[in-house]
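Engineer: Pasting input.txt below, which is compact mmCIF, C-alpha atoms.
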# COMPACT_ATOMS: atom_id res chain seq x y z
CA GLY C 1 113.59 -89.26 -122.22
CA GLY C 2 117.06 -87.97 -122.98
CA GLY C 3 117.36 -90.20 -126.05
CA ARG C 4 114.28 -88.65 -127.66
CA VAL C 5 115.50 -85.12 -126.86
CA GLY C 6 118.86 -85.90 -128.40
CA ALA C 7 117.23 -87.37 -131.49
CA ALA C 8 115.02 -84.31 -131.86
CA ALA C 9 118.02 -82.01 -131.58
CA ALA C 10 119.89 -84.07 -134.18
CA ALA C 11 116.92 -83.87 -136.52
CA ALA C 12 116.74 -80.11 -136.08
CA ALA C 13 120.46 -79.79 -136.84
CA THR C 14 119.97 -81.48 -140.20
CA GLY C 15 116.87 -79.47 -141.07
CA ALA C 16 114.50 -82.44 -140.60
CA MET C 17 111.11 -82.13 -138.95
CA TRP C 18 110.31 -83.71 -135.57
CA ARG C 19 106.66 -84.74 -135.46
CA VAL C 20 104.89 -84.84 -132.10
CA CYS C 21 101.35 -85.94 -131.27
CA VAL C 22 99.80 -84.45 -128.13
CA VAL C 23 96.79 -86.47 -126.97
CA GLY C 24 94.46 -84.08 -125.15
CA SER C 25 93.90 -80.38 -125.69
CA GLY C 26 93.29 -79.35 -122.09
CA PRO C 27 95.75 -77.16 -120.16
CA GLY C 28 98.33 -79.98 -119.84
CA GLY C 29 98.36 -80.71 -123.55
CA MET C 30 98.32 -77.06 -124.59
CA TYR C 31 101.19 -76.10 -122.29
CA ALA C 32 103.18 -79.08 -123.58
CA ALA C 33 102.64 -77.86 -127.16
CA LYS C 34 103.47 -74.29 -126.20
CA TYR C 35 106.83 -75.14 -124.67
CA LEU C 36 107.76 -77.58 -127.41
CA LEU C 37 107.37 -74.73 -129.88
CA ARG C 38 109.38 -72.39 -127.67
CA SER C 39 112.23 -74.85 -127.14
CA SER C 40 115.64 -74.49 -128.73
CA ILE C 41 114.54 -76.97 -131.42
CA GLY C 42 111.08 -75.45 -131.80
CA ALA C 43 111.69 -74.54 -135.42
CA ALA C 44 111.86 -78.26 -136.26
CA MET C 45 108.70 -79.12 -134.33
CA ARG C 46 105.44 -80.07 -136.00
CA VAL C 47 102.75 -80.69 -133.39
CA ASP C 48 99.39 -82.37 -133.91
CA VAL C 49 96.94 -81.97 -131.02
CA VAL C 50 94.28 -84.69 -130.85
CA ASP C 51 91.14 -84.61 -128.70
CA ARG C 52 88.08 -86.84 -128.40
CA LEU C 53 85.87 -83.72 -128.28
CA PRO C 54 85.14 -81.54 -131.31
CA THR C 55 86.35 -78.47 -129.39
CA CYS C 56 89.66 -77.80 -127.71
CA TYR C 57 90.91 -76.62 -124.29
CA GLY C 58 89.26 -79.27 -122.10
CA LEU C 59 88.87 -78.09 -118.52
CA VAL C 60 89.30 -74.45 -119.48
CA ARG C 61 86.16 -74.71 -121.59
CA TYR C 62 84.15 -77.22 -119.56
CA GLY C 63 85.66 -77.35 -116.07
CA VAL C 64 85.80 -73.72 -114.98
CA ALA C 65 82.79 -72.32 -113.12
CA PRO C 66 80.75 -70.04 -115.43
CA ASP C 67 80.89 -67.17 -112.93
CA HIS C 68 84.71 -67.24 -113.00
CA PRO C 69 85.38 -65.97 -116.53
CA GLU C 70 88.76 -64.55 -115.54
CA VAL C 71 90.11 -68.10 -115.15
CA LYS C 72 89.25 -68.80 -118.79
CA SER C 73 91.51 -65.99 -120.00
CA VAL C 74 94.32 -68.54 -120.32
CA SER C 75 92.56 -69.65 -123.52
CA ASN C 76 94.00 -66.52 -125.17
CA ASP C 77 97.43 -68.02 -124.62
CA PHE C 78 96.25 -71.31 -126.08
CA ASP C 79 94.77 -69.55 -129.11
CA GLU C 80 98.26 -68.36 -129.98
CA VAL C 81 99.47 -71.97 -129.92
CA MET C 82 96.62 -73.18 -132.12
CA ASN C 83 97.18 -70.35 -134.60
CA ASP C 84 100.84 -71.29 -134.99
CA GLY C 85 101.54 -72.74 -138.43
CA ARG C 86 103.43 -75.63 -136.85
CA VAL C 87 100.31 -76.86 -135.02
CA ARG C 88 97.24 -78.76 -136.26
CA PHE C 89 94.14 -79.76 -134.29
CA TYR C 90 92.16 -82.96 -134.82
CA GLY C 91 88.90 -83.13 -132.89
CA ASN C 92 86.42 -85.99 -132.54
CA VAL C 93 89.29 -88.49 -132.41
CA GLU C 94 89.30 -90.80 -129.40
CA VAL C 95 92.70 -92.38 -128.88
CA GLY C 96 92.30 -95.98 -127.77
CA ASN C 97 89.14 -96.32 -129.81
CA ALA C 98 89.38 -94.56 -133.19
CA VAL C 99 93.15 -94.97 -133.23
CA GLY C 100 95.56 -96.83 -130.96
CA VAL C 101 98.67 -95.49 -129.26
CA ASP C 102 100.73 -98.07 -131.17
CA LYS C 103 99.54 -96.57 -134.45
CA LEU C 104 100.44 -93.06 -133.28
CA LEU C 105 103.92 -94.25 -132.30
CA SER C 106 104.38 -95.67 -135.79
CA VAL C 107 103.74 -92.32 -137.49
CA TYR C 108 105.04 -89.78 -134.96
CA ASP C 109 108.50 -89.31 -133.49
CA SER C 110 107.03 -88.64 -130.04
CA VAL C 111 103.61 -89.02 -128.40
CA ILE C 112 102.58 -87.07 -125.30
CA LEU C 113 99.58 -88.36 -123.34
CA ALA C 114 97.73 -85.47 -121.69
CA TYR C 115 94.17 -86.76 -121.85
CA GLY C 116 93.35 -86.01 -118.22
CA ALA C 117 91.22 -87.83 -115.66
CA ASN C 118 87.74 -88.73 -116.80
CA ASN C 119 86.52 -90.67 -113.77
CA ASP C 120 85.52 -89.57 -110.27
CA ARG C 121 86.78 -91.33 -107.18
CA HIS C 122 83.99 -93.14 -105.37
CA LEU C 123 82.98 -92.91 -101.72
CA GLY C 124 83.15 -96.66 -101.19
CA LEU C 125 79.66 -96.88 -99.67
CA ASP C 126 77.26 -99.79 -100.08
CA ARG C 127 74.74 -99.35 -102.92
CA GLU C 128 76.67 -96.37 -104.28
CA SER C 129 76.76 -97.76 -107.82
CA GLU C 130 72.99 -98.27 -107.93
CA ALA C 131 71.93 -94.94 -106.40
CA THR C 132 70.31 -92.31 -108.60
CA ASN C 133 70.87 -88.56 -108.17
CA LEU C 134 74.33 -89.29 -106.80
CA TRP C 135 76.73 -87.40 -109.04
CA GLY C 136 80.47 -87.11 -109.41
CA ALA C 137 81.63 -83.51 -109.29
CA ARG C 138 83.14 -83.83 -112.77
CA GLU C 139 79.79 -84.87 -114.22
CA PHE C 140 77.92 -82.18 -112.31
CA VAL C 141 80.32 -79.49 -113.55
CA ASN C 142 79.97 -80.90 -117.07
CA TRP C 143 76.20 -80.54 -116.72
CA TYR C 144 76.13 -76.87 -115.82
CA ASN C 145 78.83 -76.08 -118.38
CA GLY C 146 77.03 -77.79 -121.28
CA HIS C 147 79.63 -80.50 -121.94
CA PRO C 148 78.80 -82.65 -125.00
CA ASP C 149 78.96 -85.81 -122.85
CA MET C 150 75.85 -84.60 -121.02
CA ALA C 151 73.65 -84.30 -124.11
CA ASP C 152 72.07 -87.74 -123.60
CA ARG C 153 72.31 -87.88 -119.80
CA THR C 154 69.39 -87.49 -117.42
CA PRO C 155 70.04 -84.17 -115.64
CA PRO C 156 70.33 -83.93 -111.85
CA LEU C 157 67.07 -83.71 -109.94
CA LEU C 158 66.82 -80.46 -107.98
CA ASP C 159 63.36 -81.06 -106.51
CA CYS C 160 64.57 -81.59 -102.93
CA GLU C 161 65.41 -79.14 -100.16
CA GLY C 162 68.71 -80.69 -99.10
CA ALA C 163 71.88 -81.51 -101.03
CA ALA C 164 75.23 -82.83 -99.80
CA ILE C 165 78.67 -82.41 -101.34
CA VAL C 166 81.37 -84.74 -100.04
CA GLY C 167 84.77 -83.07 -100.25
CA GLN C 168 86.09 -79.57 -99.62
CA GLY C 169 88.22 -78.57 -102.57
CA ASN C 170 87.49 -75.62 -104.83
CA VAL C 171 85.35 -77.76 -107.15
CA ALA C 172 83.13 -78.71 -104.21
CA LEU C 173 82.65 -75.04 -103.36
CA ASP C 174 81.95 -74.26 -107.03
CA CYS C 175 79.13 -76.82 -106.99
CA ALA C 176 77.72 -75.40 -103.75
CA ARG C 177 77.81 -71.88 -105.14
CA ILE C 178 76.10 -72.81 -108.40
CA LEU C 179 73.34 -74.61 -106.47
CA THR C 180 72.59 -71.60 -104.25
CA LYS C 181 73.57 -68.49 -106.22
CA ASP C 182 70.89 -66.05 -107.34
CA VAL C 183 69.68 -67.19 -110.76
CA ASP C 184 69.60 -63.65 -112.13
CA GLU C 185 73.32 -63.42 -111.45
CA LEU C 186 73.96 -66.80 -113.07
CA ALA C 187 72.02 -65.63 -116.13
CA LYS C 188 74.79 -63.07 -116.79
CA THR C 189 77.35 -65.87 -117.18
CA ASP C 190 77.91 -68.44 -119.93
CA ILE C 191 76.28 -71.22 -117.90
CA SER C 192 74.36 -73.78 -119.93
CA ARG C 193 70.88 -72.41 -120.68
CA THR C 194 69.40 -75.82 -119.87
CA ALA C 195 71.08 -75.83 -116.47
CA LEU C 196 70.00 -72.24 -115.84
CA GLU C 197 66.38 -73.11 -116.52
CA MET C 198 66.54 -76.06 -114.11
CA LEU C 199 68.30 -74.00 -111.42
CA SER C 200 65.60 -71.34 -111.72
CA GLN C 201 63.09 -73.99 -110.65
CA SER C 202 65.30 -75.64 -108.05
CA LYS C 203 63.86 -76.35 -104.60
CA ILE C 204 67.27 -76.82 -102.99
CA ARG C 205 67.61 -74.56 -99.96
CA HIS C 206 70.33 -76.23 -97.89
CA VAL C 207 73.68 -77.51 -99.20
CA SER C 208 76.06 -79.28 -96.84
CA VAL C 209 79.75 -79.37 -97.80
CA LEU C 210 81.33 -82.24 -95.86
CA GLY C 211 84.99 -82.55 -94.91
CA ARG C 212 86.40 -85.56 -93.07
CA ARG C 213 89.24 -83.59 -91.45
CA GLY C 214 89.35 -80.21 -89.75
CA ALA C 215 89.26 -76.59 -90.86
CA ALA C 216 93.05 -76.37 -91.11
CA GLN C 217 93.15 -79.24 -93.62
CA ALA C 218 90.40 -78.00 -95.95
CA ALA C 219 91.63 -77.83 -99.55
CA PHE C 220 89.67 -74.79 -100.75
CA THR C 221 91.28 -71.38 -101.26
CA ILE C 222 90.26 -68.22 -99.47
CA LYS C 223 88.82 -66.73 -102.66
CA GLU C 224 86.35 -69.58 -103.08
CA MET C 225 85.35 -69.58 -99.41
CA ARG C 226 84.93 -65.81 -99.29
CA GLU C 227 82.59 -65.99 -102.26
CA LEU C 228 80.31 -68.32 -100.32
CA THR C 229 80.10 -65.82 -97.47
CA LYS C 230 78.99 -63.04 -99.83
CA LEU C 231 76.29 -64.74 -101.90
CA LYS C 232 73.03 -62.79 -102.09
CA GLY C 233 70.33 -64.41 -99.97
CA VAL C 234 72.63 -67.22 -98.80
CA GLY C 235 73.76 -67.85 -95.24
CA CYS C 236 77.18 -69.47 -94.97
CA LEU C 237 77.32 -71.68 -91.89
CA VAL C 238 80.47 -72.77 -90.10
CA HIS C 239 79.76 -74.60 -86.85
CA PRO C 240 81.59 -73.08 -83.84
CA ASP C 241 81.94 -76.47 -82.14
CA GLU C 242 83.55 -78.00 -85.23
CA MET C 243 85.97 -75.08 -85.42
CA GLU C 244 86.91 -75.65 -81.79
CA LEU C 245 87.48 -79.37 -82.37
CA SER C 246 89.54 -78.52 -85.47
CA HIS C 247 91.94 -76.36 -83.47
CA ASN C 248 94.07 -78.99 -81.78
CA ALA C 249 97.77 -78.25 -81.20
CA ALA C 250 98.90 -79.86 -84.46
CA SER C 251 96.34 -77.93 -86.52
CA LEU C 252 97.32 -74.62 -84.89
CA GLU C 253 100.90 -75.37 -85.93
CA GLU C 254 99.71 -75.94 -89.50
CA ILE C 255 97.75 -72.67 -89.46
CA GLU C 256 100.72 -70.65 -88.23
CA ALA C 257 103.01 -72.08 -90.93
CA THR C 258 101.68 -70.03 -93.86
CA ARG C 259 100.00 -66.67 -94.37
CA ALA C 260 97.42 -68.24 -96.70
CA ARG C 261 96.32 -70.74 -94.05
CA LYS C 262 96.16 -67.99 -91.40
CA ARG C 263 93.86 -65.92 -93.62
CA ILE C 264 91.56 -68.87 -94.32
CA ASN C 265 91.37 -69.62 -90.61
CA GLU C 266 90.52 -65.99 -89.81
CA LEU C 267 87.71 -66.07 -92.36
CA LEU C 268 86.33 -69.34 -91.00
CA VAL C 269 86.46 -68.06 -87.40
CA LYS C 270 84.64 -64.89 -88.43
CA THR C 271 82.04 -66.90 -90.34
CA ALA C 272 81.48 -69.17 -87.33
CA GLU C 273 80.83 -66.09 -85.19
CA GLY C 274 77.88 -65.27 -87.46
CA PHE C 275 76.43 -68.79 -87.25
CA GLN C 276 73.10 -67.77 -85.70
CA ALA C 277 72.51 -64.80 -87.99
CA ALA C 278 73.22 -66.93 -91.08
CA GLN C 279 70.38 -69.26 -90.12
CA ASP C 280 67.84 -66.59 -91.10
CA LYS C 281 68.81 -66.54 -94.78
CA PRO C 282 66.46 -68.26 -97.27
CA ARG C 283 69.24 -70.48 -98.63
CA LYS C 284 72.19 -71.91 -96.76
CA VAL C 285 75.58 -73.47 -97.43
CA ASP C 286 76.71 -75.48 -94.43
CA VAL C 287 80.49 -76.00 -94.39
CA ARG C 288 81.04 -78.97 -92.07
CA PHE C 289 84.28 -80.30 -90.63
CA LEU C 290 85.25 -83.64 -89.04
CA VAL C 291 82.38 -85.64 -90.54
CA SER C 292 82.43 -88.63 -92.90
CA PRO C 293 79.52 -90.38 -94.65
CA THR C 294 79.32 -94.00 -93.58
CA GLU C 295 75.97 -95.04 -95.01
CA LEU C 296 73.95 -94.07 -98.06
CA HIS C 297 70.16 -94.08 -97.74
CA LEU C 298 67.96 -94.70 -100.80
CA ASP C 299 64.21 -94.43 -101.21
CA GLY C 300 62.02 -97.14 -102.72
CA ALA C 301 62.90 -96.02 -106.25
CA GLY C 302 66.65 -96.20 -105.62
CA ARG C 303 67.15 -92.46 -105.35
CA VAL C 304 69.46 -91.10 -102.68
CA SER C 305 67.51 -89.72 -99.71
CA GLY C 306 70.13 -89.18 -97.03
CA LEU C 307 73.49 -89.94 -95.46
CA THR C 308 74.59 -91.26 -92.11
CA LEU C 309 77.50 -89.14 -90.88
CA GLN C 310 80.22 -90.25 -88.50
CA ARG C 311 81.95 -87.65 -86.33
CA ASN C 312 85.74 -87.69 -86.54
CA THR C 313 88.70 -86.55 -84.54
CA LEU C 314 92.21 -85.74 -85.73
CA SER C 315 95.20 -87.98 -85.11
CA GLY C 316 98.88 -87.54 -85.92
CA ALA C 317 101.53 -84.87 -86.13
CA ALA C 318 101.15 -81.53 -87.88
CA PHE C 319 100.94 -81.77 -91.70
CA GLY C 320 100.25 -85.50 -91.45
CA GLN C 321 97.00 -85.65 -89.51
CA SER C 322 94.32 -88.14 -90.42
CA ALA C 323 90.64 -88.38 -89.53
CA VAL C 324 89.71 -91.22 -87.19
CA PRO C 325 86.22 -92.04 -85.95
CA ALA C 326 85.15 -90.37 -82.71
CA LEU C 327 83.73 -93.56 -81.24
CA ALA C 328 81.93 -91.83 -78.39
CA ALA C 329 79.98 -89.56 -80.74
CA SER C 330 76.53 -90.56 -81.95
CA PRO C 331 75.98 -90.88 -85.72
CA GLU C 332 74.07 -88.10 -87.43
CA HIS C 333 71.44 -88.41 -90.16
CA LEU C 334 71.49 -85.87 -92.97
CA ASP C 335 68.48 -85.57 -95.28
CA CYS C 336 69.57 -84.95 -98.86
CA GLY C 337 67.95 -85.83 -102.17
CA LEU C 338 71.09 -84.95 -104.14
CA VAL C 339 74.64 -86.07 -103.33
CA ILE C 340 77.76 -84.90 -105.18
CA ARG C 341 81.07 -86.64 -104.48
CA SER C 342 84.02 -84.30 -104.93
CA ILE C 343 86.97 -86.28 -103.58
CA GLY C 344 89.22 -86.33 -106.62
CA TYR C 345 89.47 -87.70 -110.15
CA GLN C 346 90.93 -90.86 -111.65
CA SER C 347 92.50 -91.39 -115.05
CA GLU C 348 91.52 -94.24 -117.36
CA PRO C 349 94.14 -96.57 -118.82
CA LEU C 350 94.77 -96.66 -122.56
CA PRO C 351 95.26 -100.01 -124.32
CA GLY C 352 98.93 -100.76 -124.78
CA VAL C 353 100.14 -98.14 -122.30
CA PRO C 354 101.49 -99.03 -118.83
CA PHE C 355 99.15 -97.73 -116.14
Please lay out the structure from this file as structure tokens.

Structural biologist:
Amino acid sequence: GGGRVGAAAAAAATGAMWRVCVVGSGPGGMYAAKYLLRSSIGAAMRVDVVDRLPTCYGLVRYGVAPDHPEVKSVSNDFDEVMNDGRVRFYGNVEVGNAVGVDKLLSVYDSVILAYGANNDRHLGLDRESEATNLWGAREFVNWYNGHPDMADRTPPLLDCEGAAIVGQGNVALDCARILTKDVDELAKTDISRTALEMLSQSKIRHVSVLGRRGAAQAAFTIKEMRELTKLKGVGCLVHPDEMELSHNAASLEEIEATRARKRINELLVKTAEGFQAAQDKPRKVDVRFLVSPTELHLDGAGRVSGLTLQRNTLSGAAFGQSAVPALAASPEHLDCGLVIRSIGYQSEPLPGVPF
């Protein structure tokens, strides 16, 4: 707050140091450190960056898709911060376990919490917590990126033909792309060698990416969607009937509002026009709109085997539409031996910190 800023400025004016602890070395923590050092009182700053992992940069290192190396170039900026003489890094230190926030506050002038969101939001389906081969997107991304947390985890089973991803953000499309991309192309990236070996033996041939609302509300960017349409040996399916149902008056208003949304819509319309031709490809990514999972099916061993999907319709004004069940539509069964939920992340509370 303003009091802390004023105190820091007063300390700088007298030549004293202002000691700051940044908890988390992902993009949020690193940018906080960067701009503290660049501030008008940066000369007085001494910044310690603490992370529970032995390595720094969080999502930049473990959250970016391995075939998107250009996104990781921001780490060059972070290297400059870490090489600054005013900054120290302490890895393998879990705040809330190895050391409490109250202890940090007793030895630092300021503490910045930038430890991110380590939990996935759940679907809210019966038996979800007991199902095997149902993964959160964060965990699945950690797996193919070789995150240390995955060292003792059972890897995902890829011995089924069908997989479903619930959610339509860029992370969902990353997961779909990694599951279907040519393994020889993945081998040229820094993907985990263990994951690469498993993907080379994968039997998955059909990945469904499920969105509860329409095409105009999908959260992915055009770059990610275009990549799906250009994968070698992969047919990208967009259902013409779902595009038509997506284009109600309110959604058309949303599409016309921005150039980015217009371009995404044009790409989706073009992809839908090639629906039949895409069926002939050996692997497929099926981008579905206006469907929600309502029931999770497990086999006798507790492994996920399918989903019941409910068809939706859109309700509400432009930019505030919600998905409501289309009561007249029959439910649909989707066979899938792997389910990935990609509907957002949740942070964990730290002891002694309001949450």

Engineer: Excluding same-chain residues fewer than 5 positions from His297 in chain C, what lies within 6 Å of it counting all atoms listed in the file, as a ChimeraX atom specification?

Structural biologist: /C:304-307

Engineer: Any chance you can output those residues with C-alpha atoms as a compact mmCIF listing (two decimals), keeping the file's coordinate frame?

Structural biologist:
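New file part11.txt:
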# COMPACT_ATOMS: atom_id res chain seq x y z
CA VAL C 304 69.46 -91.10 -102.68
CA SER C 305 67.51 -89.72 -99.71
CA GLY C 306 70.13 -89.18 -97.03
CA LEU C 307 73.49 -89.94 -95.46

Engineer: For a cutoff of 12 Å around the file-coordinate point (81.1, -77.9, -82.7), which residues qualify once you count all atoms listed in the file? I'd like the result as JSON, numbers by chain.

Structural biologist: {"C": [214, 215, 237, 238, 239, 240, 241, 242, 243, 244, 245, 246, 247, 272, 275, 287, 288, 289, 290, 291, 311, 312, 313, 329]}

Engineer: How far is it from CA of Gly316 in chain C to CA of Ile255 in chain C, in Å with one decimal?

Structural biologist: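 Calculated distance between CA of Gly316 in chain C and CA of Ile255 in chain C is 15.3 Å.
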
Engineer: In Å, how far is it from CA of Gln168 in chain C to CA of Cys336 in chain C?

Structural biologist: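 Between CA of Gln168 in chain C and CA of Cys336 in chain C the gap is 17.4 Å.
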
Engineer: Suppose you want the space between CA of Ala218 in chain C and CA of Lys203 in chain C; what is it in Å?

Structural biologist: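 For CA of Ala218 in chain C relative to CA of Lys203 in chain C, the distance reads 28.0 Å.
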
Engineer: Check the smallest atom-to-atom distance from each of C:Gly169, C:Gly211, C:Pro54, C:Gly233 to Pro148 in chain C using only C-alpha atoms, then report the winner.

Structural biologist: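 Comparing C:Gly169, C:Gly211, C:Pro54, C:Gly233 against Pro148 in chain C, the winner is C:Pro54.
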
Engineer: Find the residues around Pro293 in chain C up to 9 Å (only C-alpha atoms counted), leave out those fewer than 3 positions away in its own chain, and share them as a PyMOL selection string.

Structural biologist: chain C and resi 123+125+166+210+212+296+307-310

Engineer: Using all atoms listed in the file for the distances, tell me which of C:Pro156, C:Asp67, C:His122, C:Ala44 is nearest to Glu224 in chain C.

Structural biologist: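 Counting all atoms listed in the file, the residue closest to Glu224 in chain C is C:Asp67.
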
Engineer: Using all atoms listed in the file for the distances, tell me which of C:Gly63, C:Gly274, C:Pro354, C:Gly29 is nearest to Val47 in chain C.

Structural biologist: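 Of all the options, C:Gly29 lies closest to Val47 in chain C.
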
Engineer: Excluding Val339 in chain C and any residue of its chain fewer than 4 positions from it, enumerate the residues within 8 Å of it, using only C-alpha atoms, and give them as a PyMOL selection string.

Structural biologist: chain C and resi 133-135+163-166+304

Engineer: Quick one: residues within 8 Å of range 79-96 of chain C, all atoms listed in the file, excluding same-chain residues fewer than 4 positions away - as JSON, numbers by chain?

Structural biologist: {"C": [23, 30, 33, 34, 45, 46, 47, 48, 49, 50, 51, 52, 53, 54, 55, 56, 75, 100, 101, 350, 351]}

Engineer: Those residues you just picked out, can you put them in a file as an mmCIF file, keeping the file's coordinate frame with C-alpha atoms?

Structural biologist:
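Now in out_0.cif:
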data_model
loop_
_atom_site.group_PDB
_atom_site.id
_atom_site.type_symbol
_atom_site.label_atom_id
_atom_site.label_comp_id
_atom_site.auth_asym_id
_atom_site.auth_seq_id
_atom_site.Cartn_x
_atom_site.Cartn_y
_atom_site.Cartn_z
ATOM 1 C CA VAL C 23 96.790 -86.470 -126.970
ATOM 2 C CA MET C 30 98.320 -77.060 -124.590
ATOM 3 C CA ALA C 33 102.640 -77.860 -127.160
ATOM 4 C CA LYS C 34 103.470 -74.290 -126.200
ATOM 5 C CA MET C 45 108.700 -79.120 -134.330
ATOM 6 C CA ARG C 46 105.440 -80.070 -136.000
ATOM 7 C CA VAL C 47 102.750 -80.690 -133.390
ATOM 8 C CA ASP C 48 99.390 -82.370 -133.910
ATOM 9 C CA VAL C 49 96.940 -81.970 -131.020
ATOM 10 C CA VAL C 50 94.280 -84.690 -130.850
ATOM 11 C CA ASP C 51 91.140 -84.610 -128.700
ATOM 12 C CA ARG C 52 88.080 -86.840 -128.400
ATOM 13 C CA LEU C 53 85.870 -83.720 -128.280
ATOM 14 C CA PRO C 54 85.140 -81.540 -131.310
ATOM 15 C CA THR C 55 86.350 -78.470 -129.390
ATOM 16 C CA CYS C 56 89.660 -77.800 -127.710
ATOM 17 C CA SER C 75 92.560 -69.650 -123.520
ATOM 18 C CA GLY C 100 95.560 -96.830 -130.960
ATOM 19 C CA VAL C 101 98.670 -95.490 -129.260
ATOM 20 C CA LEU C 350 94.770 -96.660 -122.560
ATOM 21 C CA PRO C 351 95.260 -100.010 -124.320
#

Engineer: If you count all atoms listed in the file, which residues fall within 7 Å of Asp109 in chain C, apart from same-chain ones fewer than 4 positions away, as a list in words?

Structural biologist: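 In the requested format, the answer is Trp18, Arg19, Val20 and Leu105 of chain C.
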
Engineer: Once 4 Å is added on each side, what are the centre and the three edge lengths, in Å to one decimal, of the axis-aligned box enclosing the listed atoms of range 316-334 of chain C? Present them as AutoDock Vina command-line options.

Structural biologist:
--center_x 86.5 --center_y -87.5 --center_z -85.7 --size_x 38.1 --size_y 20.0 --size_z 22.6

Engineer: Point out the residue among C:Val99, C:Ala250, C:Leu267, C:Met17 with the least atom-to-atom distance to Gly42 in chain C, counting only C-alpha atoms.

Structural biologist: C:Met17

Engineer: Pick the closest to Glu273 in chain C from C:Asp152, C:Val324, C:Lys181, C:Cys236: which is it, counting all atoms listed in the file?

Structural biologist: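 Counting all atoms listed in the file, the residue closest to Glu273 in chain C is C:Cys236.
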
Engineer: Since the input lacks some atoms of range 156-161 of chain C, please model all heavy atoms and print them as a compact mmCIF listing (two decimals), in the frame of the given file.

Structural biologist:
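And here is the file that came out, result16.txt:
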# COMPACT_ATOMS: atom_id res chain seq x y z
N PRO C 156 70.54 -83.75 -113.29
CA PRO C 156 70.33 -83.93 -111.85
C PRO C 156 68.94 -83.45 -111.45
O PRO C 156 68.40 -82.50 -112.03
CB PRO C 156 71.42 -83.06 -111.22
CG PRO C 156 71.80 -82.07 -112.27
CD PRO C 156 71.62 -82.78 -113.58
N LEU C 157 68.38 -84.11 -110.46
CA LEU C 157 67.07 -83.71 -109.94
C LEU C 157 67.28 -82.70 -108.81
O LEU C 157 68.00 -82.97 -107.85
CB LEU C 157 66.33 -84.94 -109.42
CG LEU C 157 66.08 -86.06 -110.45
CD1 LEU C 157 65.44 -87.28 -109.78
CD2 LEU C 157 65.20 -85.54 -111.59
N LEU C 158 66.65 -81.55 -108.95
CA LEU C 158 66.82 -80.46 -107.98
C LEU C 158 65.51 -80.18 -107.25
O LEU C 158 65.26 -79.06 -106.80
CB LEU C 158 67.30 -79.19 -108.71
CG LEU C 158 68.51 -79.34 -109.64
CD1 LEU C 158 68.84 -78.01 -110.30
CD2 LEU C 158 69.72 -79.87 -108.87
N ASP C 159 64.68 -81.22 -107.09
CA ASP C 159 63.36 -81.06 -106.51
C ASP C 159 63.32 -81.35 -105.02
O ASP C 159 62.26 -81.60 -104.45
CB ASP C 159 62.36 -81.97 -107.24
CG ASP C 159 62.79 -83.44 -107.20
OD1 ASP C 159 63.92 -83.72 -106.76
OD2 ASP C 159 62.00 -84.30 -107.64
N CYS C 160 64.47 -81.31 -104.37
CA CYS C 160 64.57 -81.59 -102.93
C CYS C 160 65.11 -80.37 -102.22
O CYS C 160 65.73 -79.50 -102.83
CB CYS C 160 65.49 -82.79 -102.71
SG CYS C 160 67.08 -82.63 -103.56
N GLU C 161 64.92 -80.30 -100.92
CA GLU C 161 65.41 -79.14 -100.16
C GLU C 161 66.89 -79.27 -99.80
O GLU C 161 67.60 -78.28 -99.73
CB GLU C 161 64.59 -78.94 -98.88
CG GLU C 161 63.19 -78.40 -99.14
CD GLU C 161 62.57 -77.82 -97.88
OE1 GLU C 161 63.27 -77.75 -96.84
OE2 GLU C 161 61.39 -77.44 -97.95
